[in-house]
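Participant: Take a look at this one; I'll ask things after.
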Amino acid sequence: MAGMWFREAISRRGLLWGGAAAATGSVISAGTSFGQNAHDGHTAVARTGYSSAPADHGGAHGAMITVGEVDDIRNGFAPAALLTEWDTGTVSRTPDGRVLRTFEVDAIDKEIEIAPGIFFPAWTYNGRVPGPSLRATEGDRLRIVFRNLGSHPHSMHFHGIHAARMDGVPGAGLIGPGEEFVYEFDARPFGCHLYHCHALPLKRHIHKGMYGLFVIDPDPQRHPEFADVARSRLLGTQENAAWQEFAMVMNAFDTNFDSENEIYAVNTVAHAYMKKPIRIVRDRPVRIYLANIVEFDPVNSFHLHANFFDYFEQGTTLTPTLKTVDLITQVQAQRGILEFTYAEHEPGLYMFHPHQSEFTELGWVGMFDVVETVA
């Protein structure tokens, strides 16, 4: 019986499954080592576990949650900050007066901590996973200066409209170590988009961390029939300031490189938003820019507890694709915008998670902390 449990404990789904340990009266704690990942010469093993006790804000499904805290300073990024950090580039003007928005992005090899005591040998954009959330306005001229400071060929492939030579695929915009390339194109169409490395093997470059949000706000002057809605999405306007906007990238990590994920998250760190719930002011509307970039699983989802939302598929419309739903599913690279409010709710903690319970138990779950005002 013990042998059967141990085999389950080191499998894909048992690697971090504290519930199995609790059932046998055992404890999986920091310092436990189940194995070594020889790939890339890095250790990427489970050196932590799930507590059988609830978290400070009530545990995940089954009352399981990671033990300890991830070192945000060592990582160089914090999940709480990733929610609202928009990289709007450096703004100048083209000779004909158009807005020119310039971004600088570096590919960097970097070990990151994805759960307490669990380290992953990532390939990153600007030293973070996900990469910077790039944000522009419809019609801007975009210039992305990409430098490859990593150890493998990389690129930036944007889900947008551009010339073939700007596509970031082998033969067009694939950059070797130590090289630089400038991608340049117009920001269109408006919506919630994605960028990622398109070097081969594609699944390796994506699951190692080379992806990020690419948001293009609508230009209200181009959409007079929906100008008010467009202004509410346009960063920097009074209408937009009324919204509580969050960038959420659903991702996962294959820690032993067997093409199956062991840890799931939003914005990289397992259970980050369970331990530090996302503060929401009750009477202000919420807008989430959501993207799924999980490799090795065919579908992911987002379920909101005790509430419903409107959904804008890929964000390319100013009217909802789906109205009044509490669950949407996304395949890899699918994305969209969620809009909802807690104005009619009492203050408190409200959960969100995928409806693949397995993903929830392995780290992808969080809480909104709905309050009357922010002190």
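Chain identifiers are assigned as A, B, and so on, following the order in which chains appear in the structure tokens; residues are numbered from 1 within each chain, and ligands are numbered from 1 in order of appearance.
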What's around Arg222 of chain A at 10 Å? Count only C-alpha atoms, leave out sequence neighbours fewer than 4 positions away in its own chain, and write the answer as a PDB file with N, CA and C atoms, in the first residue's frame.
Facilitator:
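selection.pdb, written as the output of this step:
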ATOM      1  N   GLU A 138      -5.361  51.669 -30.636  1.00  0.00           N
ATOM      2  CA  GLU A 138      -5.654  51.371 -32.031  1.00  0.00           C
ATOM      3  C   GLU A 138      -5.150  52.489 -32.934  1.00  0.00           C
ATOM      4  N   GLY A 139      -4.356  52.101 -33.951  1.00  0.00           N
ATOM      5  CA  GLY A 139      -3.820  53.077 -34.896  1.00  0.00           C
ATOM      6  C   GLY A 139      -2.425  53.554 -34.587  1.00  0.00           C
ATOM      7  N   PRO A 218      -9.367  50.378 -28.011  1.00  0.00           N
ATOM      8  CA  PRO A 218     -10.058  50.980 -29.161  1.00  0.00           C
ATOM      9  C   PRO A 218      -9.928  52.503 -29.160  1.00  0.00           C
ATOM     10  N   PHE A 226     -20.182  53.474 -30.581  1.00  0.00           N
ATOM     11  CA  PHE A 226     -19.903  52.898 -29.261  1.00  0.00           C
ATOM     12  C   PHE A 226     -18.804  53.708 -28.555  1.00  0.00           C
ATOM     13  N   ALA A 227     -18.823  55.016 -28.746  1.00  0.00           N
ATOM     14  CA  ALA A 227     -17.731  55.850 -28.250  1.00  0.00           C
ATOM     15  C   ALA A 227     -17.583  55.771 -26.733  1.00  0.00           C
ATOM     16  N   ALA A 230     -15.902  52.505 -25.889  1.00  0.00           N
ATOM     17  CA  ALA A 230     -14.497  52.558 -26.310  1.00  0.00           C
ATOM     18  C   ALA A 230     -13.672  53.408 -25.345  1.00  0.00           C
TER      19      ALA A 230
END
Participant: Which residues are near segment 176-182 of chain A? Cut-off 8 Å, only C-alpha atoms, ignore same chain within fewer than 5 positions. Put them as a PyMOL selection string.
Facilitator: chain A and resi 143-154
Participant: Taking the DSSP assignment computed from this structure's backbone, write out as an MDAnalysis selection string all residues of segment 145-286 of chain A that belong to alpha helix (DSSP H).
Facilitator: chainID A and resid 202:207 227:233 238:241 272:275
Participant: Suppose we keep C-alpha atoms; can you now write the selection as an mmCIF file, in the first residue's frame?
Facilitator:
data_model
loop_
_atom_site.group_PDB
_atom_site.id
_atom_site.type_symbol
_atom_site.label_atom_id
_atom_site.label_comp_id
_atom_site.auth_asym_id
_atom_site.auth_seq_id
_atom_site.Cartn_x
_atom_site.Cartn_y
_atom_site.Cartn_z
ATOM 1 C CA LEU A 202 7.178 25.688 -30.189
ATOM 2 C CA LYS A 203 5.855 23.837 -27.151
ATOM 3 C CA ARG A 204 9.241 24.131 -25.437
ATOM 4 C CA HIS A 205 9.566 27.872 -25.964
ATOM 5 C CA ILE A 206 6.002 28.569 -24.856
ATOM 6 C CA HIS A 207 5.913 26.379 -21.765
ATOM 7 C CA ALA A 227 -17.731 55.850 -28.250
ATOM 8 C CA ASP A 228 -18.613 55.664 -24.541
ATOM 9 C CA VAL A 229 -17.711 51.970 -24.359
ATOM 10 C CA ALA A 230 -14.497 52.558 -26.310
ATOM 11 C CA ARG A 231 -13.481 55.383 -23.950
ATOM 12 C CA SER A 232 -14.033 53.092 -20.965
ATOM 13 C CA ARG A 233 -11.380 50.761 -22.402
ATOM 14 C CA GLN A 238 -11.684 59.422 -17.058
ATOM 15 C CA GLU A 239 -14.076 56.678 -18.124
ATOM 16 C CA ASN A 240 -11.336 54.050 -17.929
ATOM 17 C CA ALA A 241 -10.219 55.231 -14.488
ATOM 18 C CA ALA A 272 -0.699 33.602 -5.082
ATOM 19 C CA TYR A 273 -4.191 35.101 -5.037
ATOM 20 C CA MET A 274 -5.405 32.732 -2.332
ATOM 21 C CA LYS A 275 -2.702 33.903 0.052
#
Participant: Fewer than 5 positions away in the same chain doesn't count, so skip those; otherwise give me all residues within 10 Å of Thr137 of chain A, counting only C-alpha atoms, as a list in words.
Facilitator: Thr88, Val99, Arg101, Leu142, Asp186, Ala187, Arg188, Pro189, Phe190, Gly191, Val215, Ile216, Asp217, Pro218, Asp219, Pro220, Arg233, Leu234 and Leu235 of chain A
Participant: Set the distance at 8 Å and use only C-alpha atoms: which residues neighbour Val129 of chain A once local chain neighbours fewer than 5 positions away are removed? I'd like the list as an mmCIF file with N, CA and C atoms, in the first residue's frame.
Facilitator:
data_model
loop_
_atom_site.group_PDB
_atom_site.id
_atom_site.type_symbol
_atom_site.label_atom_id
_atom_site.label_comp_id
_atom_site.auth_asym_id
_atom_site.auth_seq_id
_atom_site.Cartn_x
_atom_site.Cartn_y
_atom_site.Cartn_z
ATOM 1 N N THR A 124 12.565 33.903 -20.404
ATOM 2 C CA THR A 124 11.657 34.991 -20.092
ATOM 3 C C THR A 124 11.771 36.160 -21.062
ATOM 4 N N GLY A 209 8.055 29.823 -20.711
ATOM 5 C CA GLY A 209 7.707 31.128 -20.181
ATOM 6 C C GLY A 209 7.697 32.287 -21.145
ATOM 7 N N MET A 210 7.851 32.036 -22.449
ATOM 8 C CA MET A 210 7.984 33.142 -23.398
ATOM 9 C C MET A 210 6.628 33.518 -23.998
ATOM 10 N N TYR A 211 5.887 34.343 -23.232
ATOM 11 C CA TYR A 211 4.566 34.792 -23.655
ATOM 12 C C TYR A 211 4.151 35.981 -22.806
ATOM 13 N N GLY A 212 3.160 36.735 -23.292
ATOM 14 C CA GLY A 212 2.642 37.867 -22.543
ATOM 15 C C GLY A 212 1.416 38.448 -23.219
ATOM 16 N N ASN A 267 -0.788 34.059 -13.613
ATOM 17 C CA ASN A 267 0.394 34.901 -13.405
ATOM 18 C C ASN A 267 1.484 34.184 -12.616
ATOM 19 N N THR A 268 1.644 32.890 -12.887
ATOM 20 C CA THR A 268 2.857 32.112 -12.590
ATOM 21 C C THR A 268 2.967 31.469 -11.215
#
Participant: Pick out the closest residue to Leu194 of chain A from this set: A:Ala333, A:Val325, A:Leu82, A:Ala122. Count only C-alpha atoms.
Facilitator: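 Checking each candidate against Leu194 of chain A, we get A:Ala333 as the closest.
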Participant: When distances are computed from only C-alpha atoms, which of A:Asp167, A:Gly68, A:Tyr264, A:Tyr183 shows the smallest separation from Phe103 of chain A?
Facilitator: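 The shortest atom-to-atom distance to Phe103 of chain A comes from A:Tyr183.
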Participant: Determine which residues of segment 82-253 of chain A receive a DSSP assignment of strand (DSSP E or B), computed from the backbone, and state them as a ChimeraX atom specification.
Facilitator: /A:86-87,90-93,99-115,118-125,128,133-137,141-148,154,157-158,169,172,175,180-186,191-196,211-217,244-253
Participant: So what do you get for atom CA of Gly236 of chain A versus atom CA of Leu134 of chain A, distance-wise?
Facilitator: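 Atom-to-atom, atom CA of Gly236 of chain A to atom CA of Leu134 of chain A, that is 14.7 Å.
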Participant: Which residue, A:Thr317, A:Asn256, A:Thr373, A:Ser301, has the smallest gap to Phe352 of chain A when you use only C-alpha atoms?
Facilitator: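 Between A:Thr317, A:Asn256, A:Thr373, A:Ser301, the residue approaching Phe352 of chain A most closely is A:Ser301.
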Participant: Counting only C-alpha atoms, what is within 8 Å of Leu290 of chain A, bar same-chain residues fewer than 5 positions away, as a PyMOL selection string?
Facilitator: chain A and resi 192+247-250+335-338
Participant: Please indicate the distance in Å from atom CA of Ile280 of chain A to atom CA of Gln244 of chain A, rounded to one decimal place.
Facilitator: 7.5 Å
Participant: A:Pro354, A:Gly131, A:Gly160, A:Pro95: which is nearest Asp326 of chain A, counting only C-alpha atoms?
Facilitator: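 Looking only at the distances to Asp326 of chain A, the closest residue turns out to be A:Pro354.
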Participant: Find, counting only C-alpha atoms, the residue in A:Phe296, A:Thr341, A:Arg279, A:Glu361 that gets nearest to Phe253 of chain A.
Facilitator: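 Under the stated criterion, the closest residue is A:Phe296.
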